[in-house]
file my_file_7.cif (mmCIF, C-alpha atoms and all ligand atoms)
data_entry
#
loop_
_atom_site.label_atom_id
_atom_site.label_comp_id
_atom_site.auth_asym_id
_atom_site.auth_seq_id
_atom_site.Cartn_x
_atom_site.Cartn_y
_atom_site.Cartn_z
CA MET J 1 26.54 -9.27 4.04
CA ALA J 2 23.66 -6.95 4.99
CA THR J 3 22.40 -6.78 8.61
CA PRO J 4 19.76 -9.49 9.21
CA LYS J 5 16.16 -8.35 9.55
CA LYS J 6 13.35 -9.88 11.54
CA ILE J 7 9.94 -10.09 9.89
CA THR J 8 6.82 -11.19 11.77
CA ILE J 9 3.64 -12.51 10.19
CA THR J 10 0.57 -12.93 12.37
CA GLY J 11 -1.88 -15.61 11.32
CA GLY J 12 1.10 -17.72 10.27
CA ALA J 13 -1.01 -20.79 9.52
CA GLY J 14 -3.56 -18.89 7.44
CA ASN J 15 -4.13 -18.66 3.71
CA ILE J 16 -2.48 -15.30 3.12
CA ALA J 17 0.57 -16.19 5.21
CA TYR J 18 1.00 -19.36 3.15
CA SER J 19 1.59 -17.23 0.05
CA MET J 20 3.36 -14.38 1.76
CA ALA J 21 6.00 -16.37 3.61
CA TRP J 22 7.59 -17.74 0.44
CA ARG J 23 8.01 -14.31 -1.13
CA ILE J 24 9.40 -12.92 2.11
CA ALA J 25 11.79 -15.84 2.46
CA SER J 26 13.09 -15.27 -1.06
CA GLY J 27 14.05 -11.69 -0.18
CA ALA J 28 11.13 -9.74 -1.65
CA VAL J 29 10.93 -7.32 1.29
CA TYR J 30 14.49 -6.31 2.22
CA GLY J 31 16.25 -7.61 -0.89
CA PRO J 32 17.89 -10.86 -1.99
CA ASN J 33 21.11 -10.27 -0.01
CA THR J 34 19.57 -9.52 3.39
CA PRO J 35 19.29 -12.44 5.80
CA VAL J 36 15.81 -12.80 7.27
CA ASP J 37 14.59 -14.22 10.57
CA LEU J 38 10.92 -15.08 10.12
CA SER J 39 8.53 -15.25 13.04
CA LEU J 40 5.04 -16.74 12.72
CA LEU J 41 2.48 -15.79 15.38
CA GLU J 42 -0.61 -17.94 15.80
CA ILE J 43 -3.36 -18.68 18.27
CA PRO J 44 -2.58 -21.76 20.40
CA THR J 45 -4.87 -24.09 18.42
CA ALA J 46 -3.14 -23.22 15.15
CA VAL J 47 0.48 -23.34 16.35
CA ARG J 48 0.88 -26.92 15.13
CA ALA J 49 -0.31 -25.94 11.65
CA ALA J 50 2.10 -22.98 11.65
CA GLU J 51 4.88 -25.39 12.59
CA GLY J 52 4.01 -27.30 9.42
CA VAL J 53 4.41 -24.09 7.43
CA ALA J 54 7.80 -23.56 9.09
CA MET J 55 8.86 -27.10 8.12
CA GLU J 56 7.96 -26.41 4.49
CA LEU J 57 9.85 -23.12 4.54
CA GLN J 58 12.92 -24.89 5.87
CA ASP J 59 12.51 -27.53 3.16
CA SER J 60 12.62 -24.80 0.52
CA ALA J 61 16.27 -24.12 1.51
CA PHE J 62 16.13 -20.36 0.96
CA PRO J 63 19.68 -18.99 1.01
CA MET J 64 18.82 -15.95 3.14
CA LEU J 65 16.27 -17.47 5.54
CA ARG J 66 18.38 -17.73 8.72
CA ASN J 67 15.76 -18.78 11.21
CA ILE J 68 12.03 -19.52 11.45
CA SER J 69 10.19 -19.42 14.76
CA VAL J 70 6.59 -20.19 15.65
CA THR J 71 4.87 -18.92 18.78
CA ASP J 72 1.52 -17.98 20.30
CA ASN J 73 3.20 -15.25 22.37
CA ALA J 74 2.89 -11.83 20.69
CA GLU J 75 5.77 -10.21 22.61
CA LYS J 76 8.09 -13.00 21.54
CA ALA J 77 6.86 -12.86 17.97
CA PHE J 78 7.47 -9.11 17.72
CA ASN J 79 10.65 -9.04 19.79
CA GLY J 80 13.20 -7.10 17.73
CA ALA J 81 10.96 -7.16 14.64
CA ASN J 82 11.81 -4.71 11.87
CA ALA J 83 8.66 -5.42 9.84
CA ALA J 84 5.32 -6.85 10.94
CA PHE J 85 2.45 -8.02 8.79
CA LEU J 86 -0.70 -8.14 10.94
CA VAL J 87 -2.71 -10.65 8.95
CA GLY J 88 -4.14 -12.96 11.63
CA ALA J 89 -7.87 -12.27 11.84
CA LYS J 90 -11.13 -13.84 10.77
CA PRO J 91 -12.07 -13.43 7.08
CA ARG J 92 -15.64 -12.47 6.17
CA SER J 93 -18.09 -14.95 4.73
CA LYS J 94 -20.35 -14.50 1.72
CA GLY J 95 -22.92 -11.77 2.36
CA GLU J 96 -20.94 -10.05 5.13
CA GLU J 97 -19.29 -6.63 4.89
CA ARG J 98 -15.75 -6.26 6.22
CA SER J 99 -17.03 -3.95 8.98
CA ASP J 100 -19.12 -6.89 10.27
CA LEU J 101 -15.78 -8.35 11.41
CA LEU J 102 -15.03 -5.41 13.70
CA ALA J 103 -16.51 -7.00 16.82
CA ALA J 104 -14.63 -10.29 16.34
CA ASN J 105 -11.35 -8.92 14.98
CA GLY J 106 -11.00 -5.50 16.63
CA LYS J 107 -10.01 -7.02 19.96
CA ILE J 108 -7.00 -8.77 18.40
CA PHE J 109 -5.27 -5.53 17.53
CA GLY J 110 -5.03 -3.75 20.89
CA PRO J 111 -2.96 -6.52 22.52
CA GLN J 112 -0.82 -6.83 19.39
CA GLY J 113 -0.24 -3.06 19.35
CA ARG J 114 0.87 -3.23 23.00
CA ALA J 115 3.18 -6.14 22.27
CA LEU J 116 4.71 -4.26 19.34
CA ASN J 117 5.15 -1.23 21.59
CA ASN J 118 7.00 -3.33 24.16
CA SER J 119 9.23 -5.44 21.98
CA ALA J 120 9.65 -4.34 18.34
CA ALA J 121 12.82 -2.76 16.94
CA ASP J 122 13.03 1.03 16.70
CA ASP J 123 12.67 0.95 12.92
CA ILE J 124 9.52 -1.24 13.00
CA ARG J 125 7.18 -0.93 10.02
CA ILE J 126 3.68 -2.34 10.45
CA LEU J 127 1.14 -3.26 7.78
CA VAL J 128 -2.35 -4.27 8.90
CA VAL J 129 -4.06 -6.67 6.49
CA GLY J 130 -6.66 -8.30 8.79
CA ASN J 131 -10.09 -6.78 8.20
CA PRO J 132 -11.44 -4.21 8.62
CA ALA J 133 -7.85 -3.18 8.04
CA ASN J 134 -8.06 0.61 8.37
CA THR J 135 -9.78 0.57 11.75
CA ASN J 136 -7.75 -2.38 13.04
CA ALA J 137 -4.64 -0.31 12.24
CA LEU J 138 -6.13 2.56 14.27
CA ILE J 139 -6.68 0.23 17.23
CA ALA J 140 -3.14 -1.18 17.09
CA GLN J 141 -1.59 2.26 16.71
CA HIS J 142 -3.50 3.65 19.70
CA ALA J 143 -2.16 0.81 21.82
CA ALA J 144 1.44 1.64 20.91
CA PRO J 145 2.15 5.16 22.20
CA ASP J 146 5.94 4.79 21.91
CA ILE J 147 5.88 3.90 18.21
CA PRO J 148 5.47 6.89 15.88
CA ALA J 149 1.98 6.71 14.34
CA GLU J 150 3.37 6.80 10.81
CA ARG J 151 5.01 3.40 11.41
CA PHE J 152 1.50 1.91 11.21
CA THR J 153 -0.23 1.47 7.85
CA ALA J 154 -3.21 -0.45 6.48
CA MET J 155 -3.41 -2.11 3.11
CA MET J 156 -4.91 -0.33 0.10
CA ARG J 157 -2.37 -1.84 -2.28
CA LEU J 158 -4.61 -4.72 -3.22
CA ASP J 159 -7.34 -2.26 -4.24
CA HIS J 160 -4.71 -0.26 -6.13
CA ASN J 161 -3.51 -3.36 -7.97
CA ARG J 162 -7.09 -4.39 -8.75
CA ALA J 163 -7.74 -0.95 -10.24
CA LEU J 164 -4.55 -1.18 -12.31
CA GLY J 165 -5.41 -4.67 -13.54
CA LEU J 166 -8.94 -3.76 -14.56
CA LEU J 167 -7.94 -0.54 -16.30
CA ALA J 168 -5.00 -2.17 -18.10
CA ALA J 169 -7.31 -4.87 -19.47
CA LYS J 170 -9.89 -2.30 -20.57
CA ILE J 171 -7.49 -0.12 -22.55
CA GLY J 172 -5.08 -2.85 -23.64
CA VAL J 173 -1.86 -1.71 -21.97
CA LEU J 174 0.49 -3.16 -19.37
CA THR J 175 -0.17 -2.17 -15.77
CA THR J 176 3.31 -0.62 -15.69
CA GLU J 177 2.25 1.85 -18.38
CA ILE J 178 -0.36 3.39 -16.06
CA SER J 179 0.63 6.20 -13.69
CA GLN J 180 -1.05 8.37 -11.07
CA LEU J 181 -3.95 6.16 -10.17
CA VAL J 182 -5.22 6.34 -6.59
CA VAL J 183 -7.69 4.52 -4.38
CA TRP J 184 -8.92 6.89 -1.68
CA GLY J 185 -10.52 5.97 1.59
CA ASN J 186 -11.47 2.79 3.34
CA HIS J 187 -10.75 -0.82 2.28
CA SER J 188 -14.49 -1.32 2.00
CA ILE J 189 -17.27 -1.11 -0.55
CA THR J 190 -17.17 2.71 -0.14
CA GLN J 191 -13.60 3.02 -1.38
CA PHE J 192 -12.98 5.41 -4.26
CA PRO J 193 -10.76 4.14 -7.08
CA ASP J 194 -10.03 7.42 -8.84
CA LEU J 195 -8.81 7.86 -12.43
CA THR J 196 -8.91 11.68 -12.43
CA TYR J 197 -5.14 12.08 -12.53
CA ALA J 198 -4.23 8.77 -14.18
CA THR J 199 -2.15 8.78 -17.34
CA VAL J 200 -0.91 6.27 -19.90
CA ASP J 201 2.18 7.31 -21.76
CA GLY J 202 1.60 10.92 -20.71
CA ARG J 203 -2.03 10.89 -21.94
CA SER J 204 -4.95 11.33 -19.58
CA VAL J 205 -6.84 8.09 -19.00
CA LEU J 206 -10.04 10.17 -19.14
CA GLU J 207 -9.45 10.50 -22.89
CA LEU J 208 -9.31 6.71 -23.23
CA VAL J 209 -12.33 5.56 -21.18
CA ASP J 210 -15.71 7.18 -20.72
CA GLN J 211 -17.22 8.40 -17.48
CA GLU J 212 -20.13 5.98 -17.81
CA TRP J 213 -17.71 3.00 -17.71
CA ILE J 214 -15.86 4.53 -14.75
CA ASN J 215 -19.04 5.03 -12.72
CA THR J 216 -20.97 1.90 -13.61
CA GLU J 217 -18.21 -0.66 -14.10
CA PHE J 218 -14.75 0.40 -12.97
CA ILE J 219 -15.50 1.82 -9.52
CA PRO J 220 -18.06 -0.84 -8.48
CA GLN J 221 -15.97 -3.72 -9.83
CA VAL J 222 -12.83 -2.66 -7.97
CA ALA J 223 -14.80 -2.01 -4.79
CA GLN J 224 -16.65 -5.34 -4.98
CA ARG J 225 -13.73 -7.45 -6.07
CA GLY J 226 -13.15 -8.94 -2.63
CA ALA J 227 -16.78 -10.09 -2.42
CA ASP J 228 -16.69 -11.42 -6.00
CA ILE J 229 -13.63 -13.51 -5.14
CA ILE J 230 -15.32 -14.89 -2.03
CA ALA J 231 -18.39 -15.77 -4.13
CA ALA J 232 -16.25 -17.51 -6.76
CA ARG J 233 -13.61 -19.19 -4.61
CA GLY J 234 -15.55 -19.75 -1.42
CA LEU J 235 -12.52 -18.19 0.27
CA SER J 236 -11.25 -14.65 0.38
CA SER J 237 -8.38 -13.47 -1.78
CA ALA J 238 -5.07 -14.83 -0.57
CA ALA J 239 -2.26 -14.84 -3.15
CA SER J 240 -3.16 -11.39 -4.49
CA ALA J 241 -3.42 -10.06 -0.93
CA ALA J 242 -0.04 -11.55 -0.04
CA TYR J 243 1.49 -10.09 -3.17
CA ALA J 244 0.11 -6.64 -2.44
CA ALA J 245 1.27 -6.77 1.19
CA VAL J 246 4.83 -7.67 0.24
CA ASP J 247 4.89 -4.95 -2.45
CA HIS J 248 3.65 -2.37 0.09
CA MET J 249 6.41 -3.25 2.56
CA HIS J 250 9.07 -3.46 -0.16
CA ASP J 251 8.18 -0.01 -1.48
CA TRP J 252 8.04 1.51 1.99
CA ILE J 253 11.62 0.41 2.55
CA HIS J 254 13.10 0.84 -0.92
CA GLY J 255 10.85 3.51 -2.48
CA SER J 256 7.97 3.26 -4.95
CA LYS J 257 8.32 3.73 -8.71
CA GLY J 258 5.52 6.31 -8.75
CA TRP J 259 2.17 6.89 -7.05
CA VAL J 260 0.77 4.04 -5.01
CA SER J 261 -2.22 3.90 -2.67
CA ALA J 262 -1.47 3.33 1.00
CA ALA J 263 -3.64 3.80 4.08
CA ILE J 264 -1.69 5.94 6.51
CA PRO J 265 -2.79 8.00 9.52
CA SER J 266 -4.27 11.10 7.90
CA PRO J 267 -1.94 14.07 8.35
CA GLY J 268 -4.99 16.33 7.87
CA VAL J 269 -4.79 16.66 4.08
CA TYR J 270 -7.72 17.00 1.65
CA GLY J 271 -10.14 17.84 4.46
CA ILE J 272 -9.64 14.40 6.01
CA PRO J 273 -9.52 14.57 9.81
CA GLU J 274 -6.16 13.75 11.32
CA GLY J 275 -5.44 10.28 12.62
CA ILE J 276 -7.90 8.02 10.81
CA PHE J 277 -6.23 5.48 8.52
CA VAL J 278 -7.21 6.45 5.03
CA GLY J 279 -6.11 5.45 1.54
CA LEU J 280 -4.27 8.36 -0.05
CA PRO J 281 -2.15 9.03 -3.13
CA THR J 282 1.40 8.53 -1.92
CA ILE J 283 4.95 8.05 -3.04
CA ALA J 284 7.28 6.04 -0.83
CA ARG J 285 10.62 7.83 -0.59
CA ASN J 286 13.54 7.69 1.85
CA GLY J 287 11.76 5.09 3.98
CA LYS J 288 8.59 7.19 4.40
CA TRP J 289 5.19 7.60 2.78
CA GLU J 290 4.82 11.07 1.27
CA VAL J 291 1.30 12.22 0.41
CA ILE J 292 0.83 13.75 -3.04
CA GLU J 293 -0.55 17.11 -2.03
CA GLY J 294 -2.17 19.95 -3.94
CA LEU J 295 -4.46 17.88 -6.19
CA GLU J 296 -7.62 19.63 -7.31
CA ILE J 297 -10.72 17.86 -6.00
CA SER J 298 -14.03 18.14 -7.88
CA PRO J 299 -17.43 18.09 -6.11
CA GLU J 300 -17.98 14.49 -7.32
CA GLN J 301 -14.62 13.39 -5.89
CA ARG J 302 -15.34 15.28 -2.67
CA GLN J 303 -18.62 13.44 -2.25
CA ARG J 304 -16.94 10.04 -2.58
CA ILE J 305 -14.05 10.99 -0.28
CA ASN J 306 -16.49 12.35 2.30
CA ALA J 307 -18.45 9.06 2.27
CA ASN J 308 -15.21 7.31 3.23
CA ILE J 309 -14.44 9.82 5.98
CA LEU J 310 -17.91 9.30 7.41
CA GLU J 311 -17.59 5.52 7.33
CA LEU J 312 -14.16 5.57 8.97
CA GLN J 313 -15.46 7.91 11.66
CA GLU J 314 -18.38 5.56 12.29
CA GLU J 315 -15.98 2.60 12.56
CA ARG J 316 -13.81 4.60 14.94
CA ALA J 317 -16.85 5.41 17.10
CA ALA J 318 -17.80 1.71 17.16
CA VAL J 319 -14.40 0.78 18.62
CA ALA J 320 -13.98 3.81 20.90
CA HIS J 321 -13.80 1.40 23.88
CA LEU J 322 -10.73 -0.26 22.29
CA LEU J 323 -8.81 2.97 21.71
CA SER J 324 -6.59 3.31 24.75
P1 LIG Z 1 -7.34 -17.43 7.37
O1 LIG Z 1 -8.55 -17.77 8.15
O2 LIG Z 1 -6.88 -18.37 6.31
O3 LIG Z 1 -6.11 -17.21 8.34
C1 LIG Z 1 -6.20 -16.37 9.45
C2 LIG Z 1 -5.25 -16.92 10.47
O4 LIG Z 1 -5.17 -15.99 11.52
C3 LIG Z 1 -5.72 -18.26 11.09
O5 LIG Z 1 -4.70 -19.23 10.97
C4 LIG Z 1 -6.01 -17.91 12.54
O6 LIG Z 1 -5.72 -18.95 13.45
C5 LIG Z 1 -5.07 -16.72 12.73
N1 LIG Z 1 -5.41 -15.83 13.85
C6 LIG Z 1 -6.64 -15.49 14.31
N2 LIG Z 1 -6.52 -14.72 15.39
C7 LIG Z 1 -5.22 -14.53 15.61
C8 LIG Z 1 -4.47 -13.83 16.58
N3 LIG Z 1 -5.07 -13.16 17.55
N4 LIG Z 1 -3.13 -13.85 16.50
C9 LIG Z 1 -2.50 -14.56 15.54
N5 LIG Z 1 -3.15 -15.26 14.59
C10 LIG Z 1 -4.48 -15.24 14.62
O7 LIG Z 1 -7.56 -15.96 6.75
P2 LIG Z 1 -6.78 -15.24 5.58
O8 LIG Z 1 -7.41 -15.58 4.28
O9 LIG Z 1 -5.31 -15.44 5.75
O10 LIG Z 1 -7.18 -13.72 5.88
C11 LIG Z 1 -6.72 -13.08 7.05
C12 LIG Z 1 -7.35 -11.71 7.18
O11 LIG Z 1 -6.94 -10.86 6.09
C13 LIG Z 1 -8.87 -11.68 7.14
O12 LIG Z 1 -9.36 -10.76 8.10
C14 LIG Z 1 -9.20 -11.20 5.74
O13 LIG Z 1 -10.47 -10.62 5.65
C15 LIG Z 1 -8.09 -10.20 5.54
N6 LIG Z 1 -7.80 -9.79 4.17
C16 LIG Z 1 -7.50 -8.47 3.99
C17 LIG Z 1 -7.18 -8.01 2.74
C18 LIG Z 1 -6.85 -6.56 2.53
O14 LIG Z 1 -6.72 -6.11 1.39
N7 LIG Z 1 -6.69 -5.77 3.59
C19 LIG Z 1 -7.15 -8.90 1.66
C20 LIG Z 1 -7.46 -10.23 1.89
C21 LIG Z 1 -7.79 -10.67 3.16
C1 LIG Z 2 -10.31 -8.50 -0.19
O1 LIG Z 2 -10.49 -7.35 -0.55
O2 LIG Z 2 -10.14 -9.43 -0.99
C2 LIG Z 2 -10.27 -8.80 1.28
O3 LIG Z 2 -10.48 -7.67 2.04
C3 LIG Z 2 -11.15 -9.93 1.66
C4 LIG Z 2 -12.60 -9.53 1.66
O4 LIG Z 2 -13.27 -9.75 2.67
O5 LIG Z 2 -13.06 -8.98 0.66
#
call {"tool": "encode", "arguments": {"input": "my_file_7.cif", "output": "structure tokens"}}
result
Amino acid sequence: MATPKKITITGGAGNIAYSMAWRIASGAVYGPNTPVDLSLLEIPTAVRAAEGVAMELQDSAFPMLRNISVTDNAEKAFNGANAAFLVGAKPRSKGEERSDLLAANGKIFGPQGRALNNSAADDIRILVVGNPANTNALIAQHAAPDIPAERFTAMMRLDHNRALGLLAAKIGVLTTEISQLVVWGNHSITQFPDLTYATVDGRSVLELVDQEWINTEFIPQVAQRGADIIAARGLSSAASAAYAAVDHMHDWIHGSKGWVSAAIPSPGVYGIPEGIFVGLPTIARNGKWEVIEGLEISPEQRQRINANILELQEERAAVAHLLS
């Protein structure tokens, strides 16, 4: 039997965790034959609710779920963790931008970064989901000087999946038939879902859809999808977010089938300053995210990428006091 792995979810009583925990427990991260110890971190007032989630998980009798623990102590929750999903944070309400959450949520991620630094396993992989995810990842990573920066990531996979879903519906193919799509930048309204390099069955997507549709429907719809879901559901996306988070972690460990979008600390590619967490075209291989380098960037792409750089730099400046 494979070596057991410990996976921590913060915000264990929340909506996203309620979808995510069942996929994780069934082996969707490390594989169906790897025993999993699941740790749910919550704030003290939500520990009881997280205990209810743990009861339900136990009642699902997953063959590989060895142990479930619930705590409000971050060091305990991350102790020996191999994978951590940092989900616990306030969601935005209708009319708010994700960056409006920075003041309330930013302060969660420094202490959690320090706790990860002190207690996680050497092979820890961290995915920040709580919004604004890119800058929260920056805060957590700065608080964890002993963990290599590339072990921290923020989620662009939901945006990537949204772009795939919308495009597949438009041209009448399966999402799996689409390759080389990327969402650059910030998980915000400024994000840039980019079809420049995308292909279907070896054919450029640009031959199948017109630029007018890309600019007036595709890009805005992908970028506004989170707000549209809040307007329709009265709650932010949960199952799709959980799905994307698990897929991100799975691919990081096992490798991706092709290009996927992931926010990683910029290694200084495509004129993007080093260190900010930015959505890039990547392939996960040998346990690492590799950036697809050498792509030609047009002036129109450059403008959209630069808008994301600017926004991420502004967010970084707004939390400068939290960057230890
Ligand atoms: P939710 O309100 O249902 O659950 C959040 C949970 O986090 C709550 O149970 C709360 O008690 C807990 N929490 C708050 N502070 C905590 C802390 N310091 N430590 C541990 N737990 C803490 O919200 P949700 O729908 O699960 O969404 C969670 C976050 O994910 C939000 O910020 C939301 O905007 C974000 N989100 C991001 C994406 C993405 O693509 N990056 C997608 C969807 C949602
Ligand atoms: C999403 O994209 O669905 C999440 O980031 C939630 C939100 O606030 O839009």
call {"tool": "atom_distance", "arguments": {"input": "my_file_7.cif", "atom1": "atom CA of J:Gly14", "atom2": "atom CA of J:Ala239"}}
result
11.4 Å
call {"tool": "closest_atom_pairs", "arguments": {"input": "my_file_7.cif", "of": "chain J", "to": "ligand LIG 2 (chain Z)", "cutoff": "8 Å", "atoms": "all atoms listed in the file", "output": "JSON lines"}}
result
{"residue": "J:Pro91", "atom": "CA", "partner": "Z:LIG2", "partner_atom": "O4", "distance": 5.9}
{"residue": "J:Arg92", "atom": "CA", "partner": "Z:LIG2", "partner_atom": "O4", "distance": 5.0}
{"residue": "J:Ser93", "atom": "CA", "partner": "Z:LIG2", "partner_atom": "O4", "distance": 7.4}
{"residue": "J:Glu97", "atom": "CA", "partner": "Z:LIG2", "partner_atom": "O4", "distance": 7.1}
{"residue": "J:Arg98", "atom": "CA", "partner": "Z:LIG2", "partner_atom": "O4", "distance": 5.6}
{"residue": "J:Val129", "atom": "CA", "partner": "Z:LIG2", "partner_atom": "O3", "distance": 7.9}
{"residue": "J:Gly130", "atom": "CA", "partner": "Z:LIG2", "partner_atom": "O3", "distance": 7.8}
{"residue": "J:Asn131", "atom": "CA", "partner": "Z:LIG2", "partner_atom": "O3", "distance": 6.2}
{"residue": "J:Pro132", "atom": "CA", "partner": "Z:LIG2", "partner_atom": "O3", "distance": 7.5}
{"residue": "J:Ala133", "atom": "CA", "partner": "Z:LIG2", "partner_atom": "O3", "distance": 7.9}
{"residue": "J:Leu158", "atom": "CA", "partner": "Z:LIG2", "partner_atom": "O1", "distance": 7.0}
{"residue": "J:Asp159", "atom": "CA", "partner": "Z:LIG2", "partner_atom": "O1", "distance": 7.0}
{"residue": "J:His187", "atom": "CA", "partner": "Z:LIG2", "partner_atom": "O3", "distance": 6.9}
{"residue": "J:Ser188", "atom": "CA", "partner": "Z:LIG2", "partner_atom": "O3", "distance": 7.5}
{"residue": "J:Gln224", "atom": "CA", "partner": "Z:LIG2", "partner_atom": "O5", "distance": 7.6}
{"residue": "J:Arg225", "atom": "CA", "partner": "Z:LIG2", "partner_atom": "O1", "distance": 6.4}
{"residue": "J:Gly226", "atom": "CA", "partner": "Z:LIG2", "partner_atom": "O5", "distance": 3.3}
{"residue": "J:Ala227", "atom": "CA", "partner": "Z:LIG2", "partner_atom": "O5", "distance": 5.0}
{"residue": "J:Asp228", "atom": "CA", "partner": "Z:LIG2", "partner_atom": "O5", "distance": 8.0}
{"residue": "J:Ile229", "atom": "CA", "partner": "Z:LIG2", "partner_atom": "O2", "distance": 6.8}
{"residue": "J:Ile230", "atom": "CA", "partner": "Z:LIG2", "partner_atom": "O5", "distance": 6.9}
{"residue": "J:Ser236", "atom": "CA", "partner": "Z:LIG2", "partner_atom": "C3", "distance": 4.9}
{"residue": "J:Ser237", "atom": "CA", "partner": "Z:LIG2", "partner_atom": "O2", "distance": 4.5}
{"residue": "J:Ala238", "atom": "CA", "partner": "Z:LIG2", "partner_atom": "O2", "distance": 7.4}
{"residue": "J:Ala241", "atom": "CA", "partner": "Z:LIG2", "partner_atom": "O2", "distance": 6.7}
call {"tool": "atom_distance", "arguments": {"input": "my_file_7.cif", "atom1": "atom CA of J:Gln180", "atom2": "atom CA of J:Ala84"}}
result
27.5 Å
call {"tool": "atom_distance", "arguments": {"input": "my_file_7.cif", "atom1": "atom CA of J:Leu40", "atom2": "atom N5 of ligand LIG 1 (chain Z)"}}
result
8.5 Å
call {"tool": "closest_atom_pairs", "arguments": {"input": "my_file_7.cif", "of": "stretch 67-119 of chain J", "to": "stretch 246-266 of chain J", "cutoff": "12 Å", "atoms": "only C-alpha atoms", "output": "Markdown table"}}
result
| residue | atom | partner | partner_atom | distance |
| --- | --- | --- | --- | --- |
| J:Asn82 | CA | J:Ile253 | CA | 10.6 |
| J:Ala83 | CA | J:Met249 | CA | 7.9 |
| J:Ala84 | CA | J:Met249 | CA | 9.2 |
| J:Phe85 | CA | J:Met249 | CA | 8.8 |
| J:Val87 | CA | J:Val246 | CA | 11.9 |
call {"tool": "residues_around", "arguments": {"input": "my_file_7.cif", "residues": "stretch 309-315 of chain J", "least_positions_apart": "2", "cutoff": "7 Å", "atoms": "only C-alpha atoms", "output": "list in words"}}
result
Thr135, Asn186, Ile272, Ile276, Ile305, Asn306, Ala307, Ala317, Ala318 and Val319 of chain J
call {"tool": "closest_residue", "arguments": {"input": "my_file_7.cif", "among": "J:Pro4, J:Gly271, J:Gly106, J:Gly172", "to": "ligand LIG 1 (chain Z)", "atoms": "only C-alpha atoms and all ligand atoms"}}
result
J:Gly106
call {"tool": "closest_residue", "arguments": {"input": "my_file_7.cif", "among": "J:Ala50, J:Ala25, J:Leu116, J:Ala163", "to": "ligand LIG 1 (chain Z)", "atoms": "only C-alpha atoms and all ligand atoms"}}
result
J:Ala50
call {"tool": "closest_residue", "arguments": {"input": "my_file_7.cif", "among": "J:Ile147, J:Ile7, J:Ala169, J:Ala223", "to": "ligand LIG 1 (chain Z)", "atoms": "only C-alpha atoms and all ligand atoms"}}
result
J:Ala223
call {"tool": "residues_near_point", "arguments": {"input": "my_file_7.cif", "point": "(4.3, 5.7, 15.5)", "cutoff": "10 Å", "atoms": "all atoms listed in the file", "output": "CSV table (one decimal) with C-alpha atoms, keeping the file's coordinate frame"}}
result
chain,number,residue,atom,x,y,z
J,117,ASN,CA,5.2,-1.2,21.6
J,122,ASP,CA,13.0,1.0,16.7
J,123,ASP,CA,12.7,1.0,12.9
J,124,ILE,CA,9.5,-1.2,13.0
J,125,ARG,CA,7.2,-0.9,10.0
J,126,ILE,CA,3.7,-2.3,10.4
J,141,GLN,CA,-1.6,2.3,16.7
J,142,HIS,CA,-3.5,3.6,19.7
J,144,ALA,CA,1.4,1.6,20.9
J,145,PRO,CA,2.2,5.2,22.2
J,146,ASP,CA,5.9,4.8,21.9
J,147,ILE,CA,5.9,3.9,18.2
J,148,PRO,CA,5.5,6.9,15.9
J,149,ALA,CA,2.0,6.7,14.3
J,150,GLU,CA,3.4,6.8,10.8
J,151,ARG,CA,5.0,3.4,11.4
J,152,PHE,CA,1.5,1.9,11.2
J,153,THR,CA,-0.2,1.5,7.8
J,265,PRO,CA,-2.8,8.0,9.5
call {"tool": "closest_residue", "arguments": {"input": "my_file_7.cif", "among": "J:Val269, J:Ala140, J:Val173, J:Ala77", "to": "J:Ile297", "atoms": "all atoms listed in the file"}}
result
J:Val269
call {"tool": "axis_aligned_box", "arguments": {"input": "my_file_7.cif", "around": "stretch 131-135 of chain J", "padding_each_side": "8 Å", "output": "JSON"}}
result
{"center_x": -9.6, "center_y": -3.1, "center_z": 9.9, "size_x": 19.6, "size_y": 23.4, "size_z": 19.7}
call {"tool": "closest_residue", "arguments": {"input": "my_file_7.cif", "among": "J:Ile24, J:Ala245, J:Leu167, J:Leu208", "to": "ligand LIG 1 (chain Z)", "atoms": "all atoms listed in the file"}}
result
J:Ala245
call {"tool": "residues_near_point", "arguments": {"input": "my_file_7.cif", "point": "(-7.1, 10.1, -2.5)", "cutoff": "7 Å", "atoms": "only C-alpha atoms", "output": "JSON, numbers by chain"}}
result
{"J": [182, 183, 184, 185, 279, 280, 281]}
call {"tool": "closest_residue", "arguments": {"input": "my_file_7.cif", "among": "J:Ala143, J:Thr45, J:Ile171, J:Ile16", "to": "J:Asp72", "atoms": "only C-alpha atoms"}}
result
J:Thr45
call {"tool": "residues_around", "arguments": {"input": "my_file_7.cif", "residues": "J:Gln211", "least_positions_apart": "6", "cutoff": "12 Å", "atoms": "all atoms listed in the file", "output": "ChimeraX atom specification"}}
result
/J:194-196,205,217-219,300
